[in-house]
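Peer 1: The structure follows.
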Amino acid sequence: MANDSEKPFSDFYPLPSKPSLVNGAIPLLFVHGWPGSFIEVTKVLPLLTGSSPEHPSFHVVAPSLPGFAWSQGVLKKGFHGKHYAELTLITASLYGPKNVKASHTNMPMDLIFYVPSSDPIKFRQNALGYLKYLFTPYTSREIQGITATQNVFKIGTGYFAEQSTKPQMLGQLIAGTDSYPWSDDEVLTWVSIYWFSCAGPAASVRIYYELTKSHEAIMLPKSTVKIGISFFPKELSRFPRALLGAKAKVVFESEHDTGGHFAAYEEPEALVDDLRKMFGKSGPAASVVPGCPGY
């Protein structure tokens with residue numbers, strides 16, 4: 001183990017975690033991002049760990065990343081994407097399918113800087129997506145998602161530019177934008193977690209800054225690992241199925257009428273229901289973890 005002078009951060013706070021009472025529960029790692037925190041998992045936690053013959057149960061761990069909430073801040077410059085992945089073991093593009101059994105992201109970085117078009121997919125652009133589009137053209141919802149994503153790239157990426165160039169200025173400006181009816185208590189709680197965090201309100205926003213300066217690309221790998229996709233209409237960037245499924249073995253898809261970037265907090269029942277269907281006895285990812293069927 002490295003001594004204190006070698007460690008990039010001082011303490012990593014794995015909070016909260018909750019084991020299921022079911023011995024064969026499925027292990028689940030829930031990782032937040034900015035501007036969230038471990039509080040995002042609080043609504044789904046009792047639902048995921050619940051025991052029932054009707055649905056699988058999960059052992060849940062939700063770490064608080066360095067620089068966020070009760071974890072200490074990063075002590076050295078250059079702590080970026082792959083270092084967070086070393087803590088959470090979720091980035092399959094770094095570790096490969098032999099070691100990673102699941103990966104979750106709402107920022108597919110190989111697509112995030114690609115502005116989608118409602119025009120047909122071209123063969124030279126995405127051969128597999130082109131073939132899929134021939135048989136299943138974009139739906140009306142996918143076209144709406146493309147339009148919304150184009151609008152984000154036009155007027156909604158100022159926060160990314162701010163964080164990747166002048167992160168300190170955002171230390172006192174933490175906000176959320178979607179249609180979720182935030183109560184005063186919720187707003188105060190979310191803001192307070194940042195304001196009273198161990199490393200201070202500015203520490204967390206360096207995650208974009210360091211990632212940009214590292215020139216590290218986080219790409220979704222071509223993988224045979226089974227993937228499930230939940231579509232929420234208020235997510236910032238929304239891409240057609242033909243593009244999202246080009247690199248992965250998509251076995252489950254679910255489309256929702258409400259919910260956005262903080263889906264676990266905004267629509268906990270809907271997200272948990274998707275997980276139960278995907279990993280349930282008759283689901284496409286049933287018994288994906290040997291010895292842990294969830295029942």
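Chain labels A, B, ... are given in the sequence in which chains occur in the structure tokens; within each chain residues are numbered consecutively from 1, and ligands are likewise numbered from 1 in the order shown.
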Please provide as a PDB file with C-alpha atoms, in the first residue's frame all residues within 9 Å of stretch 254-256 of chain A, with the sequence filter that same-chain residues fewer than 3 positions apart are discarded (counting only C-alpha atoms).

Peer 2:
ATOM      1  CA  GLY A 228     -29.573  -3.102 -21.103  1.00  0.00           C
ATOM      2  CA  ILE A 229     -30.706   0.388 -22.123  1.00  0.00           C
ATOM      3  CA  SER A 230     -33.335   2.531 -20.394  1.00  0.00           C
ATOM      4  CA  PHE A 231     -34.462   5.588 -22.340  1.00  0.00           C
ATOM      5  CA  PHE A 232     -35.588   8.634 -20.323  1.00  0.00           C
ATOM      6  CA  PRO A 233     -36.953  11.631 -22.282  1.00  0.00           C
ATOM      7  CA  GLY A 259     -37.421  11.016 -16.089  1.00  0.00           C
ATOM      8  CA  ALA A 270     -39.200   2.562 -13.253  1.00  0.00           C
ATOM      9  CA  ASP A 274     -36.050  -2.425 -15.687  1.00  0.00           C
TER      10      ASP A 274
END

Peer 1: So that I can check the surroundings of A:Phe68, please list as a compact mmCIF listing (two decimals) with N, CA and C atoms, in the first residue's frame every protein, DNA and RNA residue that reaches within 7 Å of it, counting only C-alpha atoms and ignoring chain neighbours fewer than 4 positions away.

Peer 2:
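Heads up, here's the output in around.txt:
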# COMPACT_ATOMS: atom_id res chain seq x y z
N SER A 37 -24.39 12.70 -6.40
CA SER A 37 -23.63 12.17 -5.26
C SER A 37 -24.25 10.84 -4.89
N SER A 64 -18.84 7.01 -2.84
CA SER A 64 -18.75 8.46 -3.02
C SER A 64 -17.37 8.74 -3.61
N TYR A 194 -22.69 19.12 -1.36
CA TYR A 194 -21.53 19.73 -2.04
C TYR A 194 -20.90 20.80 -1.17
N SER A 197 -19.08 19.35 1.79
CA SER A 197 -18.25 18.19 1.49
C SER A 197 -16.87 18.34 2.11
N SER A 204 -15.20 18.79 -6.59
CA SER A 204 -15.84 17.82 -7.47
C SER A 204 -15.81 18.22 -8.94

Peer 1: Could you check how far atom CA of A:Ala25 sits from atom CA of A:Leu244, in Å to one decimal?

Peer 2: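 That distance, rounded to one decimal, is 28.9 Å.
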
Peer 1: Which residues come within 12 Å of A:Thr49, counting only C-alpha atoms, excluding same-chain residues fewer than 4 positions away, as a list of chain:residue names?

Peer 2: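 Those residues are A:Ser17, A:Lys18, A:Pro19, A:Ser20, A:Leu21, A:Val22, A:Asn23, A:Gly24, A:Ala25, A:Ile26, A:Pro27, A:Leu28, A:Val41, A:Thr42, A:Lys43, A:Val44, A:Leu45, A:His55, A:Pro56, A:Ser57, A:Phe58, A:His59, A:Val60, A:Val61, A:Val272, A:Leu275, A:Arg276, A:Gly294, A:Tyr295.
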
Peer 1: Mind giving me the straight-line distance from atom CA of A:Phe252 to atom CA of A:Thr147 in Å, one decimal?

Peer 2: 24.4 Å

Peer 1: Please provide as number ranges by chain all residues within 12 Å of A:Phe196, with the sequence filter that same-chain residues fewer than 2 positions apart are discarded (counting only C-alpha atoms).

Peer 2: A: 67-72, 171-172, 188-194, 198-203

Peer 1: Excluding A:Gly78 and its own-chain neighbours fewer than 6 positions away, which residues fall within 10 Å of it when counting only C-alpha atoms? Please give them as number ranges by chain.

Peer 2: A: 8, 206-207, 209-211, 213-214

Peer 1: With C-alpha atoms retained, write the just-selected residues as an mmCIF file, in the first residue's frame.

Peer 2:
data_model
loop_
_atom_site.group_PDB
_atom_site.id
_atom_site.type_symbol
_atom_site.label_atom_id
_atom_site.label_comp_id
_atom_site.auth_asym_id
_atom_site.auth_seq_id
_atom_site.Cartn_x
_atom_site.Cartn_y
_atom_site.Cartn_z
ATOM 1 C CA PRO A 8 -3.526 10.634 -4.991
ATOM 2 C CA ARG A 206 -12.338 19.191 -11.424
ATOM 3 C CA ILE A 207 -13.440 15.825 -12.805
ATOM 4 C CA TYR A 209 -11.068 19.567 -16.125
ATOM 5 C CA GLU A 210 -8.662 16.714 -15.468
ATOM 6 C CA LEU A 211 -10.346 14.410 -17.993
ATOM 7 C CA LYS A 213 -6.465 17.884 -19.947
ATOM 8 C CA SER A 214 -5.518 14.199 -19.975
#

Peer 1: With distances taken over only C-alpha atoms, which of A:Leu243, A:Leu65, A:Ala263, A:Leu128 is nearest to A:His32?

Peer 2: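 That would be A:Leu65, the residue with the smallest distance to A:His32.
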
Peer 1: Quick check, in Å to one decimal: how far apart do atom CA of A:Ala285 and atom CA of A:Phe239 lie?

Peer 2: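 It comes out at 23.1 Å.
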
Peer 1: Of the candidates A:Thr165, A:Gln144, A:Ser282, A:Ser183, which shows the shortest atom-to-atom distance to A:Glu235, using only C-alpha atoms?

Peer 2: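 So, comparing all the options, the nearest one is A:Gln144.
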
Peer 1: From the list A:Trp182, A:Val205, A:Trp195, A:Ser51, which residue is nearest A:Pro66 when using only C-alpha atoms?

Peer 2: A:Val205

Peer 1: Need the shell around A:Lys249: protein/DNA/RNA residues with any atom at most 6 Å away, counting only C-alpha atoms. Skip same-chain ones fewer than 2 positions apart. Format as a CSV table (one decimal) with N, CA, C and O atoms, in the first residue's frame?

Peer 2:
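Resulting contents of part_35.csv:
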chain,number,residue,atom,x,y,z
A,224,THR,N,-19.1,-8.5,-25.9
A,224,THR,CA,-20.2,-9.5,-25.9
A,224,THR,C,-21.0,-9.5,-24.6
A,224,THR,O,-21.9,-10.3,-24.4
A,226,LYS,N,-23.7,-8.6,-22.0
A,226,LYS,CA,-25.1,-8.2,-22.3
A,226,LYS,C,-25.3,-6.8,-21.7
A,226,LYS,O,-25.0,-6.4,-20.6
A,227,ILE,N,-26.0,-6.0,-22.5
A,227,ILE,CA,-26.3,-4.6,-22.2
A,227,ILE,C,-27.8,-4.3,-22.2
A,227,ILE,O,-28.5,-4.8,-23.0
